[in-house]
Amino acid sequence: MKIMHCPLNGPRNISEFVYGGEVKPMPNPHTCSDKEWAEYVFYSDNTIRIITEWWYHAPSGYWFIAERHTASDEILKTYDPSERFDQRIEFDSKPELTQEPSI
Amino acid sequence: MDLFNLSAAPDLRKSMLDLASTKAKATRSSIKMQDCTVFSRAGFRGTGAEAFLASHGIAIPTKPNESLSCQASLVVLRLSRSEFWIISTDNSEHAKIEALEVAAMGVENVYPLYCQHSHACFMLTGAETENMFSKVCGVDLRNNVFPVGAVAQTSVARTGAIVTKQTHAQGDYFLLFADIASVQYLWEALTDAAAEFV
């Protein structure tokens with residue numbers, strides 16, 4: 001069984017973890033184009049390199065960040081997301097009002 | 001609308017666990033399991049949770065993945081930096097748990113958790129319990145590496161579970177929490193695993 005090191009819970013079987021996608025900067029959902037948003041949500045590079053990814057430890061409901069080599073599948077480093085994100089990201093869901101054309 | 005109080009009507013809680021089918025096996029084993037699912041518990045999460053609980057006289061474990069016995073039958077689990085569960089192990093502390101939940105309403109950065117209804121709770125006692133866990137859990141729960149006060153959030157019999165070890169007047173015991181939807185399966189799996197330890 002492959003072992004992954006969870007920053008909160010320590011070494012655990014890989015079967016306890018769920019992959020959560022690559023860590024990448026989020027474009028502003030209000031100003032970016034649909035293509036930019038689709039690329040952010042759906043697309044990922046499939047190149048050989050060290051990749052930074054979200055992983056989830058299911059039994060404890062804990063999200064963290066891991067650095068993994070995409071060819072060897074070796075997990076080089078795992079850490080708490082607070083090392084990268086120091087404030088809560090708020091999503092302003094207020095729809096932007098479009099100006100009614102005046103007759 | 002007022003928030004619904006999750007601790008309301010404790011006498012109407014009913015465990016869906018069917019104990020009759022495993023009774024013969026369970027009686028033979030030296031490991032005793034008790035279903036504590038309907039016993040009162042409450043969870044709190046958020047950056048204000050630690051200060052809120054401390055202000056209500058609840059002792060707080062210093063690090064994540066630790067637990068402590070706050071009073072004779074009140075166990076506090078710290079599951080992450082900002083997540084806490086408070087469990088009454090013999091259902092005698094309902095009033096205190098309900099009072100905490102009511103007091104938490106509207107407190108900034110303190111969010112109640114639905115752990116009363118989302119999780120089943122078993123209490124396991126017996127000297128062989130740690131050896132039984134070796135059969136169904138990848139984490140070493142033996143006494144030399146998993147002392148009283150330790151918490152493991154891991155997989156037990158392929159079900160996500162929280163396990164902690166605590167002690168009371170009758171000796172050490174394990175508390176196990178797992179998704180309530182898997183309660184019957186897990187009870188039967190653990191009874192089966194415990195059957196060889198007579």
# chains A, B, ... in the order shown; residues from 1 in each chain; ligands from 1
call {"tool": "select_by_dssp", "arguments": {"residues": "range 17-67 of chain A", "states": "helix (DSSP H, G or I)", "output": "ChimeraX atom specification"}}
result
/A:34-42,58-60
call {"tool": "write_last_selection", "arguments": {"atoms": "C-alpha atoms", "output": "short mmCIF file (atom, residue, chain, number, x, y, z; two decimals), in the first residue's frame"}}
result
data_model
loop_
_atom_site.label_atom_id
_atom_site.label_comp_id
_atom_site.auth_asym_id
_atom_site.auth_seq_id
_atom_site.Cartn_x
_atom_site.Cartn_y
_atom_site.Cartn_z
CA ASP A 34 -15.87 32.07 -20.22
CA LYS A 35 -12.81 30.50 -21.85
CA GLU A 36 -10.53 31.59 -19.01
CA TRP A 37 -12.99 30.24 -16.43
CA ALA A 38 -13.38 26.94 -18.29
CA GLU A 39 -9.61 26.59 -18.44
CA TYR A 40 -9.39 27.22 -14.72
CA VAL A 41 -12.11 24.71 -13.85
CA PHE A 42 -11.65 21.93 -16.38
CA ALA A 58 -11.58 11.83 3.60
CA PRO A 59 -11.88 10.44 7.18
CA SER A 60 -11.02 13.81 8.71
#
call {"tool": "interface_residues", "arguments": {"of": "chain B", "to": "chain A", "cutoff": "10 Å", "atoms": "only C-alpha atoms", "output": "PyMOL selection string"}}
result
chain B and resi 64-65+79-81+138-139+151-156+158-162+178-179
call {"tool": "write_last_selection", "arguments": {"atoms": "C-alpha atoms", "output": "PDB file, in the first residue's frame"}}
result
ATOM      1  CA  PRO B  64      -5.193  18.729  16.946  1.00  0.00           C
ATOM      2  CA  ASN B  65      -5.921  14.995  17.104  1.00  0.00           C
ATOM      3  CA  LEU B  79     -10.098  17.136  15.446  1.00  0.00           C
ATOM      4  CA  SER B  80      -8.236  20.045  13.874  1.00  0.00           C
ATOM      5  CA  ARG B  81      -6.979  23.433  14.974  1.00  0.00           C
ATOM      6  CA  GLY B 138      -4.009   0.586   9.174  1.00  0.00           C
ATOM      7  CA  VAL B 139      -2.997   2.881  12.023  1.00  0.00           C
ATOM      8  CA  VAL B 151      -7.043  10.566  18.257  1.00  0.00           C
ATOM      9  CA  ALA B 152      -6.761   8.860  14.868  1.00  0.00           C
ATOM     10  CA  GLN B 153      -8.894   9.938  11.931  1.00  0.00           C
ATOM     11  CA  THR B 154      -8.510   7.050   9.567  1.00  0.00           C
ATOM     12  CA  SER B 155     -10.243   4.135   7.954  1.00  0.00           C
ATOM     13  CA  VAL B 156     -11.592   1.280  10.090  1.00  0.00           C
ATOM     14  CA  ARG B 158     -12.779   0.378   5.073  1.00  0.00           C
ATOM     15  CA  THR B 159     -15.074   2.996   6.590  1.00  0.00           C
ATOM     16  CA  GLY B 160     -13.872   6.494   7.429  1.00  0.00           C
ATOM     17  CA  ALA B 161     -13.736   6.720  11.221  1.00  0.00           C
ATOM     18  CA  ILE B 162     -12.497   8.716  14.174  1.00  0.00           C
ATOM     19  CA  ALA B 178     -18.193   6.580  11.866  1.00  0.00           C
ATOM     20  CA  ASP B 179     -20.759   7.614   9.282  1.00  0.00           C
TER      21      ASP B 179
END
call {"tool": "select_by_dssp", "arguments": {"residues": "range 50-89 of chain A", "states": "strand (DSSP E or B)", "output": "MDAnalysis selection string"}}
result
chainID A and resid 50:57 62:69 75:79
call {"tool": "residues_around", "arguments": {"residues": "range 43-55 of chain A", "least_positions_apart": "5", "cutoff": "9 Å", "atoms": "only C-alpha atoms", "output": "ChimeraX atom specification"}}
result
/A:17-24,38,62-71,76,81
call {"tool": "residues_around", "arguments": {"residues": "range 112-117 of chain B", "least_positions_apart": "6", "cutoff": "8 Å", "atoms": "only C-alpha atoms", "output": "list in words"}}
result
Leu6, Ser7, Thr37, Val38, Ser40, Arg41, Ala42, Gly43, Phe44, Arg45, Trp85, Glu101, Ala104 and Ile180 of chain B
